[in-house]
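Shown next: start12.cif, containing mmCIF, N, CA and C atoms.
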data_upload
#
loop_
_atom_site.label_atom_id
_atom_site.label_comp_id
_atom_site.auth_asym_id
_atom_site.auth_seq_id
_atom_site.Cartn_x
_atom_site.Cartn_y
_atom_site.Cartn_z
N MET A 1 100.18 152.58 98.60
CA MET A 1 100.55 151.87 99.80
C MET A 1 101.97 152.26 100.19
N LYS A 2 102.18 152.41 101.51
CA LYS A 2 103.49 152.80 102.03
C LYS A 2 104.02 151.71 102.95
N PRO A 3 105.32 151.51 102.95
CA PRO A 3 105.87 150.57 103.93
C PRO A 3 105.82 151.19 105.33
N ARG A 4 105.79 150.34 106.34
CA ARG A 4 105.88 150.84 107.70
C ARG A 4 107.15 150.30 108.33
N ILE A 5 107.69 151.03 109.26
CA ILE A 5 108.88 150.56 109.97
C ILE A 5 108.42 149.51 110.97
N ARG A 6 108.89 148.30 110.81
CA ARG A 6 108.48 147.19 111.67
C ARG A 6 109.40 147.03 112.87
N HIS A 7 110.73 147.11 112.62
CA HIS A 7 111.72 146.97 113.67
C HIS A 7 112.83 148.00 113.46
N ILE A 8 113.46 148.37 114.53
CA ILE A 8 114.73 149.09 114.50
C ILE A 8 115.73 148.07 115.01
N THR A 9 116.72 147.74 114.19
CA THR A 9 117.60 146.61 114.47
C THR A 9 118.97 147.05 114.97
N PHE A 10 119.42 146.38 116.01
CA PHE A 10 120.75 146.57 116.59
C PHE A 10 121.57 145.32 116.29
N ASP A 11 122.75 145.48 115.70
CA ASP A 11 123.68 144.37 115.55
C ASP A 11 124.41 144.18 116.87
N CYS A 12 124.62 142.94 117.28
CA CYS A 12 125.27 142.63 118.56
C CYS A 12 126.40 141.65 118.36
N THR A 13 127.56 141.94 118.88
CA THR A 13 128.64 140.96 118.87
C THR A 13 128.59 140.11 120.14
N GLY A 14 127.94 140.61 121.16
CA GLY A 14 127.74 139.86 122.40
C GLY A 14 126.40 139.14 122.36
N GLU A 15 125.86 138.90 123.52
CA GLU A 15 124.59 138.18 123.68
C GLU A 15 123.41 139.12 123.41
N PRO A 16 122.63 138.89 122.33
CA PRO A 16 121.50 139.76 122.03
C PRO A 16 120.52 139.91 123.19
N TYR A 17 120.31 138.84 123.95
CA TYR A 17 119.35 138.91 125.06
C TYR A 17 119.82 139.92 126.11
N GLU A 18 121.12 139.96 126.38
CA GLU A 18 121.65 140.88 127.39
C GLU A 18 121.51 142.34 126.94
N LEU A 19 121.79 142.62 125.67
CA LEU A 19 121.62 143.99 125.18
C LEU A 19 120.15 144.36 125.16
N ALA A 20 119.30 143.43 124.79
CA ALA A 20 117.85 143.68 124.83
C ALA A 20 117.39 143.94 126.26
N ARG A 21 117.95 143.24 127.22
CA ARG A 21 117.58 143.45 128.62
C ARG A 21 117.93 144.88 129.07
N PHE A 22 119.13 145.36 128.66
CA PHE A 22 119.52 146.75 128.98
C PHE A 22 118.46 147.72 128.46
N TRP A 23 118.12 147.61 127.15
CA TRP A 23 117.17 148.54 126.55
C TRP A 23 115.76 148.35 127.11
N SER A 24 115.39 147.12 127.44
CA SER A 24 114.09 146.85 128.05
C SER A 24 113.96 147.57 129.38
N GLU A 25 115.00 147.48 130.20
CA GLU A 25 114.98 148.14 131.50
C GLU A 25 115.04 149.66 131.35
N LEU A 26 115.85 150.14 130.41
CA LEU A 26 115.98 151.58 130.22
C LEU A 26 114.67 152.19 129.74
N LEU A 27 114.02 151.54 128.78
CA LEU A 27 112.81 152.11 128.17
C LEU A 27 111.51 151.64 128.82
N GLY A 28 111.58 150.59 129.64
CA GLY A 28 110.39 150.12 130.33
C GLY A 28 109.41 149.35 129.47
N HIS A 29 109.92 148.65 128.46
CA HIS A 29 109.08 147.81 127.60
C HIS A 29 109.63 146.38 127.62
N PRO A 30 108.74 145.39 127.52
CA PRO A 30 109.16 144.00 127.72
C PRO A 30 109.85 143.35 126.51
N ILE A 31 110.69 142.40 126.85
CA ILE A 31 111.24 141.50 125.84
C ILE A 31 110.12 140.53 125.48
N SER A 32 110.03 140.16 124.22
CA SER A 32 109.01 139.22 123.75
C SER A 32 109.06 137.93 124.55
N ASP A 33 107.90 137.42 124.88
CA ASP A 33 107.79 136.15 125.60
C ASP A 33 108.39 134.99 124.80
N GLU A 34 108.51 135.15 123.50
CA GLU A 34 109.05 134.08 122.65
C GLU A 34 110.58 134.00 122.70
N ASP A 35 111.23 135.04 123.22
CA ASP A 35 112.69 135.10 123.20
C ASP A 35 113.28 134.70 124.55
N LYS A 36 114.50 134.11 124.49
CA LYS A 36 115.18 133.67 125.71
C LYS A 36 116.70 133.83 125.52
N PRO A 37 117.46 133.79 126.64
CA PRO A 37 118.92 133.87 126.52
C PRO A 37 119.45 132.80 125.56
N GLY A 38 120.42 133.20 124.74
CA GLY A 38 121.02 132.29 123.76
C GLY A 38 120.40 132.38 122.38
N ASP A 39 119.23 133.02 122.27
CA ASP A 39 118.62 133.19 120.95
C ASP A 39 119.46 134.15 120.11
N PRO A 40 119.55 133.91 118.78
CA PRO A 40 120.32 134.81 117.92
C PRO A 40 119.60 136.13 117.62
N GLU A 41 118.30 136.18 117.88
CA GLU A 41 117.50 137.40 117.69
C GLU A 41 116.58 137.56 118.89
N VAL A 42 116.49 138.79 119.40
CA VAL A 42 115.64 139.08 120.56
C VAL A 42 114.90 140.38 120.29
N LEU A 43 113.59 140.40 120.59
CA LEU A 43 112.73 141.53 120.27
C LEU A 43 112.16 142.19 121.52
N ILE A 44 112.22 143.51 121.57
CA ILE A 44 111.48 144.30 122.55
C ILE A 44 110.24 144.79 121.84
N GLU A 45 109.10 144.54 122.44
CA GLU A 45 107.83 144.91 121.83
C GLU A 45 107.30 146.21 122.41
N PHE A 46 106.70 147.02 121.55
CA PHE A 46 106.09 148.28 121.94
C PHE A 46 104.60 148.22 121.64
N PRO A 47 103.80 148.95 122.38
CA PRO A 47 102.35 148.92 122.16
C PRO A 47 101.92 149.70 120.93
N ASN A 48 100.68 149.51 120.53
CA ASN A 48 100.01 150.29 119.49
C ASN A 48 100.70 150.26 118.14
N GLY A 49 101.35 149.16 117.81
CA GLY A 49 101.95 149.03 116.49
C GLY A 49 103.24 149.81 116.28
N ALA A 50 103.81 150.37 117.35
CA ALA A 50 105.09 151.08 117.22
C ALA A 50 106.18 150.07 116.85
N PRO A 51 107.21 150.50 116.11
CA PRO A 51 108.28 149.57 115.74
C PRO A 51 108.94 148.97 116.99
N GLY A 52 109.25 147.68 116.90
CA GLY A 52 109.98 147.03 117.99
C GLY A 52 111.47 147.24 117.82
N LEU A 53 112.21 146.94 118.88
CA LEU A 53 113.67 146.96 118.81
C LEU A 53 114.13 145.52 118.70
N LEU A 54 114.85 145.21 117.63
CA LEU A 54 115.31 143.85 117.36
C LEU A 54 116.82 143.80 117.52
N PHE A 55 117.30 142.86 118.32
CA PHE A 55 118.72 142.69 118.60
C PHE A 55 119.17 141.39 117.95
N VAL A 56 120.15 141.49 117.04
CA VAL A 56 120.56 140.36 116.20
C VAL A 56 122.05 140.11 116.36
N SER A 57 122.42 138.86 116.54
CA SER A 57 123.82 138.47 116.68
C SER A 57 124.53 138.57 115.33
N VAL A 58 125.70 139.24 115.32
CA VAL A 58 126.53 139.35 114.12
C VAL A 58 127.98 139.09 114.49
N GLU A 59 128.80 138.80 113.50
CA GLU A 59 130.22 138.51 113.73
C GLU A 59 131.06 139.77 113.87
N GLU A 60 130.81 140.75 112.99
CA GLU A 60 131.66 141.93 112.93
C GLU A 60 131.28 142.97 114.00
N GLY A 61 132.31 143.58 114.61
CA GLY A 61 132.08 144.57 115.64
C GLY A 61 131.81 145.95 115.07
N LYS A 62 131.34 146.84 115.93
CA LYS A 62 131.07 148.24 115.57
C LYS A 62 132.41 148.93 115.34
N THR A 63 132.52 149.70 114.25
CA THR A 63 133.80 150.34 113.93
C THR A 63 133.74 151.86 113.88
N THR A 64 132.56 152.46 113.70
CA THR A 64 132.45 153.91 113.62
C THR A 64 131.25 154.40 114.41
N LYS A 65 131.12 155.72 114.47
CA LYS A 65 130.00 156.36 115.14
C LYS A 65 128.69 155.97 114.45
N ASN A 66 127.64 155.83 115.26
CA ASN A 66 126.31 155.56 114.69
C ASN A 66 125.89 156.70 113.79
N ARG A 67 125.22 156.40 112.71
CA ARG A 67 124.68 157.43 111.83
C ARG A 67 123.24 157.76 112.21
N ILE A 68 122.63 156.95 113.05
CA ILE A 68 121.28 157.19 113.54
C ILE A 68 121.29 156.78 115.01
N HIS A 69 120.56 157.52 115.84
CA HIS A 69 120.53 157.18 117.27
C HIS A 69 119.24 157.69 117.90
N PHE A 70 118.98 157.26 119.12
CA PHE A 70 117.81 157.71 119.87
C PHE A 70 118.15 158.96 120.67
N ASP A 71 117.23 159.91 120.72
CA ASP A 71 117.28 161.03 121.65
C ASP A 71 116.16 160.77 122.66
N LEU A 72 116.54 160.52 123.90
CA LEU A 72 115.57 160.19 124.93
C LEU A 72 115.26 161.41 125.79
N GLN A 73 113.99 161.65 126.07
CA GLN A 73 113.58 162.71 126.98
C GLN A 73 113.03 162.05 128.24
N PRO A 74 113.69 162.24 129.37
CA PRO A 74 113.22 161.63 130.61
C PRO A 74 111.82 162.12 130.99
N THR A 75 111.01 161.20 131.50
CA THR A 75 109.70 161.56 132.03
C THR A 75 109.71 161.22 133.51
N GLY A 76 109.26 162.18 134.32
CA GLY A 76 109.20 161.96 135.76
C GLY A 76 110.53 162.01 136.46
N ARG A 77 111.57 162.47 135.78
CA ARG A 77 112.89 162.62 136.40
C ARG A 77 113.71 163.65 135.61
N THR A 78 114.81 164.07 136.19
CA THR A 78 115.68 165.03 135.52
C THR A 78 116.63 164.31 134.57
N ARG A 79 117.31 165.09 133.74
CA ARG A 79 118.33 164.51 132.85
C ARG A 79 119.40 163.81 133.68
N SER A 80 119.88 164.46 134.74
CA SER A 80 120.93 163.87 135.58
C SER A 80 120.48 162.55 136.19
N GLU A 81 119.24 162.50 136.66
CA GLU A 81 118.72 161.27 137.23
C GLU A 81 118.64 160.17 136.18
N GLU A 82 118.24 160.53 134.95
CA GLU A 82 118.14 159.54 133.87
C GLU A 82 119.53 159.04 133.47
N VAL A 83 120.50 159.94 133.42
CA VAL A 83 121.87 159.55 133.10
C VAL A 83 122.39 158.59 134.16
N GLU A 84 122.18 158.91 135.44
CA GLU A 84 122.62 158.03 136.53
C GLU A 84 121.95 156.66 136.43
N ARG A 85 120.67 156.64 136.10
CA ARG A 85 119.94 155.38 135.96
C ARG A 85 120.50 154.56 134.80
N ALA A 86 120.77 155.21 133.66
CA ALA A 86 121.33 154.51 132.51
C ALA A 86 122.71 153.93 132.84
N VAL A 87 123.53 154.69 133.55
CA VAL A 87 124.85 154.20 133.95
C VAL A 87 124.71 152.99 134.87
N SER A 88 123.74 153.03 135.79
CA SER A 88 123.54 151.89 136.69
C SER A 88 123.10 150.63 135.95
N LEU A 89 122.52 150.80 134.76
CA LEU A 89 122.09 149.66 133.94
C LEU A 89 123.20 149.15 133.01
N GLY A 90 124.33 149.90 132.91
CA GLY A 90 125.44 149.44 132.08
C GLY A 90 125.87 150.40 130.99
N ALA A 91 125.21 151.56 130.87
CA ALA A 91 125.61 152.56 129.86
C ALA A 91 126.83 153.33 130.37
N ARG A 92 127.44 154.08 129.48
CA ARG A 92 128.54 154.98 129.89
C ARG A 92 128.34 156.33 129.21
N VAL A 93 128.81 157.37 129.88
CA VAL A 93 128.74 158.73 129.36
C VAL A 93 129.91 158.93 128.40
N LEU A 94 129.62 159.43 127.18
CA LEU A 94 130.66 159.75 126.21
C LEU A 94 131.00 161.23 126.25
N THR A 95 129.97 162.08 126.22
CA THR A 95 130.16 163.53 126.21
C THR A 95 128.97 164.20 126.88
N ASP A 96 129.24 165.17 127.74
CA ASP A 96 128.15 165.95 128.35
C ASP A 96 128.09 167.28 127.62
N ARG A 97 127.02 167.47 126.87
CA ARG A 97 126.83 168.71 126.10
C ARG A 97 125.72 169.56 126.71
N THR A 98 125.57 169.46 128.02
CA THR A 98 124.59 170.29 128.73
C THR A 98 125.09 171.72 128.76
N LEU A 99 124.23 172.67 128.40
CA LEU A 99 124.58 174.08 128.36
C LEU A 99 124.23 174.75 129.69
N PRO A 100 124.85 175.88 130.00
CA PRO A 100 124.56 176.58 131.26
C PRO A 100 123.08 176.93 131.45
N ASN A 101 122.34 177.14 130.35
CA ASN A 101 120.93 177.49 130.48
C ASN A 101 120.03 176.26 130.61
N GLY A 102 120.62 175.06 130.70
CA GLY A 102 119.84 173.84 130.88
C GLY A 102 119.53 173.09 129.60
N ARG A 103 119.70 173.73 128.46
CA ARG A 103 119.46 173.03 127.19
C ARG A 103 120.62 172.07 126.93
N GLY A 104 120.58 171.38 125.81
CA GLY A 104 121.65 170.45 125.45
C GLY A 104 121.30 169.02 125.79
N TRP A 105 122.32 168.17 125.84
CA TRP A 105 122.10 166.74 126.01
C TRP A 105 123.37 166.07 126.50
N VAL A 106 123.24 164.82 126.91
CA VAL A 106 124.37 163.98 127.29
C VAL A 106 124.43 162.83 126.30
N VAL A 107 125.59 162.65 125.66
CA VAL A 107 125.81 161.55 124.73
C VAL A 107 126.28 160.35 125.53
N MET A 108 125.58 159.22 125.33
CA MET A 108 125.89 158.00 126.08
C MET A 108 126.08 156.84 125.11
N ALA A 109 126.58 155.73 125.63
CA ALA A 109 126.71 154.50 124.84
C ALA A 109 126.13 153.34 125.64
N ASP A 110 125.42 152.45 124.95
CA ASP A 110 124.90 151.25 125.61
C ASP A 110 126.06 150.26 125.79
N PRO A 111 125.83 149.09 126.40
CA PRO A 111 126.93 148.15 126.64
C PRO A 111 127.67 147.67 125.39
N GLU A 112 127.07 147.78 124.19
CA GLU A 112 127.74 147.39 122.95
C GLU A 112 128.38 148.59 122.24
N GLY A 113 128.23 149.79 122.81
CA GLY A 113 128.83 150.99 122.22
C GLY A 113 127.92 151.79 121.32
N ASN A 114 126.64 151.43 121.22
CA ASN A 114 125.68 152.18 120.40
C ASN A 114 125.32 153.48 121.11
N GLU A 115 125.48 154.60 120.40
CA GLU A 115 125.23 155.90 121.00
C GLU A 115 123.74 156.21 121.14
N PHE A 116 123.41 156.97 122.17
CA PHE A 116 122.09 157.56 122.36
C PHE A 116 122.28 158.82 123.19
N CYS A 117 121.31 159.71 123.14
CA CYS A 117 121.41 160.97 123.87
C CYS A 117 120.28 161.08 124.88
N VAL A 118 120.57 161.73 126.00
CA VAL A 118 119.56 162.03 127.01
C VAL A 118 119.41 163.55 127.03
N GLU A 119 118.21 163.99 126.70
CA GLU A 119 117.90 165.43 126.67
C GLU A 119 117.38 165.91 128.02
N ARG A 120 117.05 167.18 128.09
CA ARG A 120 116.48 167.76 129.30
C ARG A 120 115.20 167.01 129.64
N GLY A 121 115.04 166.68 130.93
CA GLY A 121 113.88 165.94 131.37
C GLY A 121 112.72 166.85 131.76
N GLU A 122 111.57 166.22 131.97
CA GLU A 122 110.38 166.96 132.38
C GLU A 122 110.59 167.74 133.67
N LEU A 123 111.43 167.23 134.56
CA LEU A 123 111.62 167.87 135.87
C LEU A 123 112.82 168.82 135.91
N ASP A 124 113.55 168.94 134.81
CA ASP A 124 114.66 169.91 134.77
C ASP A 124 114.09 171.32 134.70
N PRO A 125 114.68 172.25 135.45
CA PRO A 125 114.18 173.63 135.38
C PRO A 125 114.46 174.25 134.02
N VAL A 126 113.53 175.06 133.57
CA VAL A 126 113.70 175.82 132.34
C VAL A 126 114.19 177.20 132.77
N ARG A 127 115.34 177.58 132.26
CA ARG A 127 115.93 178.86 132.66
C ARG A 127 115.63 179.92 131.63
N ASP A 128 115.42 181.12 132.11
CA ASP A 128 115.19 182.28 131.25
C ASP A 128 116.54 182.77 130.75
N PRO A 129 116.78 182.77 129.42
CA PRO A 129 118.08 183.20 128.91
C PRO A 129 118.41 184.64 129.27
N VAL A 130 117.41 185.48 129.48
CA VAL A 130 117.67 186.87 129.87
C VAL A 130 118.28 186.90 131.27
N GLN A 131 117.80 186.06 132.17
CA GLN A 131 118.33 186.02 133.52
C GLN A 131 119.72 185.42 133.57
N ASP A 132 120.07 184.60 132.58
CA ASP A 132 121.40 183.98 132.55
C ASP A 132 122.49 184.91 132.06
N ARG A 133 122.13 186.04 131.44
CA ARG A 133 123.12 186.98 130.92
C ARG A 133 123.79 187.74 132.05
N VAL A 134 125.06 187.98 131.88
CA VAL A 134 125.79 188.80 132.84
C VAL A 134 125.65 190.25 132.41
N GLU A 135 125.13 191.07 133.28
CA GLU A 135 124.95 192.50 132.96
C GLU A 135 126.25 193.25 133.23
N ASP A 136 126.55 194.23 132.37
CA ASP A 136 127.74 195.08 132.58
C ASP A 136 127.44 196.18 133.57
#
Would you kindly transcribe this structure into structure tokens?
Amino acid sequence: MKPRIRHITFDCTGEPYELARFWSELLGHPISDEDKPGDPEVLIEFPNGAPGLLFVSVEEGKTTKNRIHFDLQPTGRTRSEEVERAVSLGARVLTDRTLPNGRGWVVMADPEGNEFCVERGELDPVRDPVQDRVED
């Protein structure tokens, strides 16, 4: 028998419901009907037994870079469009590591400072590296 990952947990120094709302809107999955503003724990539920995202109130703030984070691939939009959408929801851009050939990612932080990356989206053009070379 093997354990399964039930939740991926985020520690929150602010209101767990507000951070859950950010991630719910960003990822398009609902907050549990059992949770409400002011609760010390708030869950975003995913279908088909996928691990939920659990937001838990804690006293101590974040002090270092995350050792684990999400890499998000936009569907139905470009990386730039997804970054703009995340910013409109309360995220901020930390570093843009987009390469000239379109590969790479943008490092972002949610409203509590938890890092995540936005990769090339489904609608971003795929560039031929041979065409990107400068010929002598």
Selection under test: the PyMOL selection byres ((chain A and resi 70-73) around 6); residues as a ChimeraX atom specification = /A:68-69,74-75,115-122
Selection to disk with N, CA and C atoms, as a PDB file, in the coordinates of the input:
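The result, written out as selection14.pdb:
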ATOM      1  N   ILE A  68     122.630 156.950 113.050  1.00  0.00           N
ATOM      2  CA  ILE A  68     121.280 157.190 113.540  1.00  0.00           C
ATOM      3  C   ILE A  68     121.290 156.780 115.010  1.00  0.00           C
ATOM      4  N   HIS A  69     120.560 157.520 115.840  1.00  0.00           N
ATOM      5  CA  HIS A  69     120.530 157.180 117.270  1.00  0.00           C
ATOM      6  C   HIS A  69     119.240 157.690 117.900  1.00  0.00           C
ATOM      7  N   PRO A  74     113.690 162.240 129.370  1.00  0.00           N
ATOM      8  CA  PRO A  74     113.220 161.630 130.610  1.00  0.00           C
ATOM      9  C   PRO A  74     111.820 162.120 130.990  1.00  0.00           C
ATOM     10  N   THR A  75     111.010 161.200 131.500  1.00  0.00           N
ATOM     11  CA  THR A  75     109.700 161.560 132.030  1.00  0.00           C
ATOM     12  C   THR A  75     109.710 161.220 133.510  1.00  0.00           C
ATOM     13  N   GLU A 115     125.480 154.600 120.400  1.00  0.00           N
ATOM     14  CA  GLU A 115     125.230 155.900 121.000  1.00  0.00           C
ATOM     15  C   GLU A 115     123.740 156.210 121.140  1.00  0.00           C
ATOM     16  N   PHE A 116     123.410 156.970 122.170  1.00  0.00           N
ATOM     17  CA  PHE A 116     122.090 157.560 122.360  1.00  0.00           C
ATOM     18  C   PHE A 116     122.280 158.820 123.190  1.00  0.00           C
ATOM     19  N   CYS A 117     121.310 159.710 123.140  1.00  0.00           N
ATOM     20  CA  CYS A 117     121.410 160.970 123.870  1.00  0.00           C
ATOM     21  C   CYS A 117     120.280 161.080 124.880  1.00  0.00           C
ATOM     22  N   VAL A 118     120.570 161.730 126.000  1.00  0.00           N
ATOM     23  CA  VAL A 118     119.560 162.030 127.010  1.00  0.00           C
ATOM     24  C   VAL A 118     119.410 163.550 127.030  1.00  0.00           C
ATOM     25  N   GLU A 119     118.210 163.990 126.700  1.00  0.00           N
ATOM     26  CA  GLU A 119     117.900 165.430 126.670  1.00  0.00           C
ATOM     27  C   GLU A 119     117.380 165.910 128.020  1.00  0.00           C
ATOM     28  N   ARG A 120     117.050 167.180 128.090  1.00  0.00           N
ATOM     29  CA  ARG A 120     116.480 167.760 129.300  1.00  0.00           C
ATOM     30  C   ARG A 120     115.200 167.010 129.640  1.00  0.00           C
ATOM     31  N   GLY A 121     115.040 166.680 130.930  1.00  0.00           N
ATOM     32  CA  GLY A 121     113.880 165.940 131.370  1.00  0.00           C
ATOM     33  C   GLY A 121     112.720 166.850 131.760  1.00  0.00           C
ATOM     34  N   GLU A 122     111.570 166.220 131.970  1.00  0.00           N
ATOM     35  CA  GLU A 122     110.380 166.960 132.380  1.00  0.00           C
ATOM     36  C   GLU A 122     110.590 167.740 133.670  1.00  0.00           C
TER      37      GLU A 122
END
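Considering all atoms listed in the file, the residue among A:Leu94, A:Leu89, A:Met1, A:Leu27 positioned nearest to Pro111 (chain A) is A:Leu89.
Using only N, CA and C atoms, the set of residues no farther than 7 Å from the position (120.2, 134.8, 116.7) comprises Gly38, Asp39, Pro40, Glu41, Val42, Phe55, Val56 and Ser57 of chain A.
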List as a JSON list (two decimals) with N, CA and C atoms, keeping the file's coordinate frame the protein and nucleic acid residues near region 47-54 of chain A, meaning an atom at most 7 Å away when all atoms listed in the file are counted, but skip any in the same chain fewer than 3 places from it.
[["chain", "number", "residue", "atom", "x", "y", "z"],
["A", 5, "ILE", "N", 107.69, 151.03, 109.26],
["A", 5, "ILE", "CA", 108.88, 150.56, 109.97],
["A", 5, "ILE", "C", 108.42, 149.51, 110.97],
["A", 6, "ARG", "N", 108.89, 148.30, 110.81],
["A", 6, "ARG", "CA", 108.48, 147.19, 111.67],
["A", 6, "ARG", "C", 109.40, 147.03, 112.87],
["A", 7, "HIS", "N", 110.73, 147.11, 112.62],
["A", 7, "HIS", "CA", 111.72, 146.97, 113.67],
["A", 7, "HIS", "C", 112.83, 148.00, 113.46],
["A", 8, "ILE", "N", 113.46, 148.37, 114.53],
["A", 8, "ILE", "CA", 114.73, 149.09, 114.50],
["A", 8, "ILE", "C", 115.73, 148.07, 115.01],
["A", 9, "THR", "N", 116.72, 147.74, 114.19],
["A", 9, "THR", "CA", 117.60, 146.61, 114.47],
["A", 9, "THR", "C", 118.97, 147.05, 114.97],
["A", 10, "PHE", "N", 119.42, 146.38, 116.01],
["A", 10, "PHE", "CA", 120.75, 146.57, 116.59],
["A", 10, "PHE", "C", 121.57, 145.32, 116.29],
["A", 11, "ASP", "N", 122.75, 145.48, 115.70],
["A", 11, "ASP", "CA", 123.68, 144.37, 115.55],
["A", 11, "ASP", "C", 124.41, 144.18, 116.87],
["A", 41, "GLU", "N", 118.30, 136.18, 117.88],
["A", 41, "GLU", "CA", 117.50, 137.40, 117.69],
["A", 41, "GLU", "C", 116.58, 137.56, 118.89],
["A", 42, "VAL", "N", 116.49, 138.79, 119.40],
["A", 42, "VAL", "CA", 115.64, 139.08, 120.56],
["A", 42, "VAL", "C", 114.90, 140.38, 120.29],
["A", 43, "LEU", "N", 113.59, 140.40, 120.59],
["A", 43, "LEU", "CA", 112.73, 141.53, 120.27],
["A", 43, "LEU", "C", 112.16, 142.19, 121.52],
["A", 44, "ILE", "N", 112.22, 143.51, 121.57],
["A", 44, "ILE", "CA", 111.48, 144.30, 122.55],
["A", 44, "ILE", "C", 110.24, 144.79, 121.84]]
For CA of Gly28 (chain A) and CA of Glu60 (chain A), determine how far apart the two atoms are, in Å to one decimal place.
-> 28.7 Å
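Atom C of Glu25 (chain A) is positioned 16.5 Å from atom C of Gly113 (chain A).
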Enclose all atoms of region 79-88 of chain A listed in the file in an axis-aligned box, grow every side by 6 Å, and hand back centre and edge lengths in Å to one decimal, as AutoDock Vina command-line options.
--center_x 121.1 --center_y 157.9 --center_z 134.9 --size_x 19.5 --size_y 26.5 --size_z 16.7
Picked from chain A by DSSP as alpha helix (DSSP H), as a JSON list (two decimals) with N, CA and C atoms, in the frame of the given file:
[["chain", "number", "residue", "atom", "x", "y", "z"],
["A", 16, "PRO", "N", 122.63, 138.89, 122.33],
["A", 16, "PRO", "CA", 121.50, 139.76, 122.03],
["A", 16, "PRO", "C", 120.52, 139.91, 123.19],
["A", 17, "TYR", "N", 120.31, 138.84, 123.95],
["A", 17, "TYR", "CA", 119.35, 138.91, 125.06],
["A", 17, "TYR", "C", 119.82, 139.92, 126.11],
["A", 18, "GLU", "N", 121.12, 139.96, 126.38],
["A", 18, "GLU", "CA", 121.65, 140.88, 127.39],
["A", 18, "GLU", "C", 121.51, 142.34, 126.94],
["A", 19, "LEU", "N", 121.79, 142.62, 125.67],
["A", 19, "LEU", "CA", 121.62, 143.99, 125.18],
["A", 19, "LEU", "C", 120.15, 144.36, 125.16],
["A", 20, "ALA", "N", 119.30, 143.43, 124.79],
["A", 20, "ALA", "CA", 117.85, 143.68, 124.83],
["A", 20, "ALA", "C", 117.39, 143.94, 126.26],
["A", 21, "ARG", "N", 117.95, 143.24, 127.22],
["A", 21, "ARG", "CA", 117.58, 143.45, 128.62],
["A", 21, "ARG", "C", 117.93, 144.88, 129.07],
["A", 22, "PHE", "N", 119.13, 145.36, 128.66],
["A", 22, "PHE", "CA", 119.52, 146.75, 128.98],
["A", 22, "PHE", "C", 118.46, 147.72, 128.46],
["A", 23, "TRP", "N", 118.12, 147.61, 127.15],
["A", 23, "TRP", "CA", 117.17, 148.54, 126.55],
["A", 23, "TRP", "C", 115.76, 148.35, 127.11],
["A", 24, "SER", "N", 115.39, 147.12, 127.44],
["A", 24, "SER", "CA", 114.09, 146.85, 128.05],
["A", 24, "SER", "C", 113.96, 147.57, 129.38],
["A", 25, "GLU", "N", 115.00, 147.48, 130.20],
["A", 25, "GLU", "CA", 114.98, 148.14, 131.50],
["A", 25, "GLU", "C", 115.04, 149.66, 131.35],
["A", 26, "LEU", "N", 115.85, 150.14, 130.41],
["A", 26, "LEU", "CA", 115.98, 151.58, 130.22],
["A", 26, "LEU", "C", 114.67, 152.19, 129.74],
["A", 27, "LEU", "N", 114.02, 151.54, 128.78],
["A", 27, "LEU", "CA", 112.81, 152.11, 128.17],
["A", 27, "LEU", "C", 111.51, 151.64, 128.82],
["A", 79, "ARG", "N", 117.31, 165.09, 133.74],
["A", 79, "ARG", "CA", 118.33, 164.51, 132.85],
["A", 79, "ARG", "C", 119.40, 163.81, 133.68],
["A", 80, "SER", "N", 119.88, 164.46, 134.74],
["A", 80, "SER", "CA", 120.93, 163.87, 135.58],
["A", 80, "SER", "C", 120.48, 162.55, 136.19],
["A", 81, "GLU", "N", 119.24, 162.50, 136.66],
["A", 81, "GLU", "CA", 118.72, 161.27, 137.23],
["A", 81, "GLU", "C", 118.64, 160.17, 136.18],
["A", 82, "GLU", "N", 118.24, 160.53, 134.95],
["A", 82, "GLU", "CA", 118.14, 159.54, 133.87],
["A", 82, "GLU", "C", 119.53, 159.04, 133.47],
["A", 83, "VAL", "N", 120.50, 159.94, 133.42],
["A", 83, "VAL", "CA", 121.87, 159.55, 133.10],
["A", 83, "VAL", "C", 122.39, 158.59, 134.16],
["A", 84, "GLU", "N", 122.18, 158.91, 135.44],
["A", 84, "GLU", "CA", 122.62, 158.03, 136.53],
["A", 84, "GLU", "C", 121.95, 156.66, 136.43],
["A", 85, "ARG", "N", 120.67, 156.64, 136.10],
["A", 85, "ARG", "CA", 119.94, 155.38, 135.96],
["A", 85, "ARG", "C", 120.50, 154.56, 134.80],
["A", 86, "ALA", "N", 120.77, 155.21, 133.66],
["A", 86, "ALA", "CA", 121.33, 154.51, 132.51],
["A", 86, "ALA", "C", 122.71, 153.93, 132.84],
["A", 87, "VAL", "N", 123.53, 154.69, 133.55],
["A", 87, "VAL", "CA", 124.85, 154.20, 133.95],
["A", 87, "VAL", "C", 124.71, 152.99, 134.87],
["A", 88, "SER", "N", 123.74, 153.03, 135.79],
["A", 88, "SER", "CA", 123.54, 151.89, 136.69],
["A", 88, "SER", "C", 123.10, 150.63, 135.95],
["A", 89, "LEU", "N", 122.52, 150.80, 134.76],
["A", 89, "LEU", "CA", 122.09, 149.66, 133.94],
["A", 89, "LEU", "C", 123.20, 149.15, 133.01],
["A", 129, "PRO", "N", 116.78, 182.77, 129.42],
["A", 129, "PRO", "CA", 118.08, 183.20, 128.91],
["A", 129, "PRO", "C", 118.41, 184.64, 129.27],
["A", 130, "VAL", "N", 117.41, 185.48, 129.48],
["A", 130, "VAL", "CA", 117.67, 186.87, 129.87],
["A", 130, "VAL", "C", 118.28, 186.90, 131.27],
["A", 131, "GLN", "N", 117.80, 186.06, 132.17],
["A", 131, "GLN", "CA", 118.33, 186.02, 133.52],
["A", 131, "GLN", "C", 119.72, 185.42, 133.57],
["A", 132, "ASP", "N", 120.07, 184.60, 132.58],
["A", 132, "ASP", "CA", 121.40, 183.98, 132.55],
["A", 132, "ASP", "C", 122.49, 184.91, 132.06]]
Could you expand the PyMOL selection byres (((chain A and resi 19 and name CA) around 10) and name CA) into the explicit residues it covers here, written as a list in words?
-> Phe10, Asp11, Cys12, Thr13, Gly14, Glu15, Pro16, Tyr17, Glu18, Ala20, Arg21, Phe22, Trp23, Ser24, Val42, Phe55, Val56, Gly90, Asp110, Pro111 and Glu112 of chain A
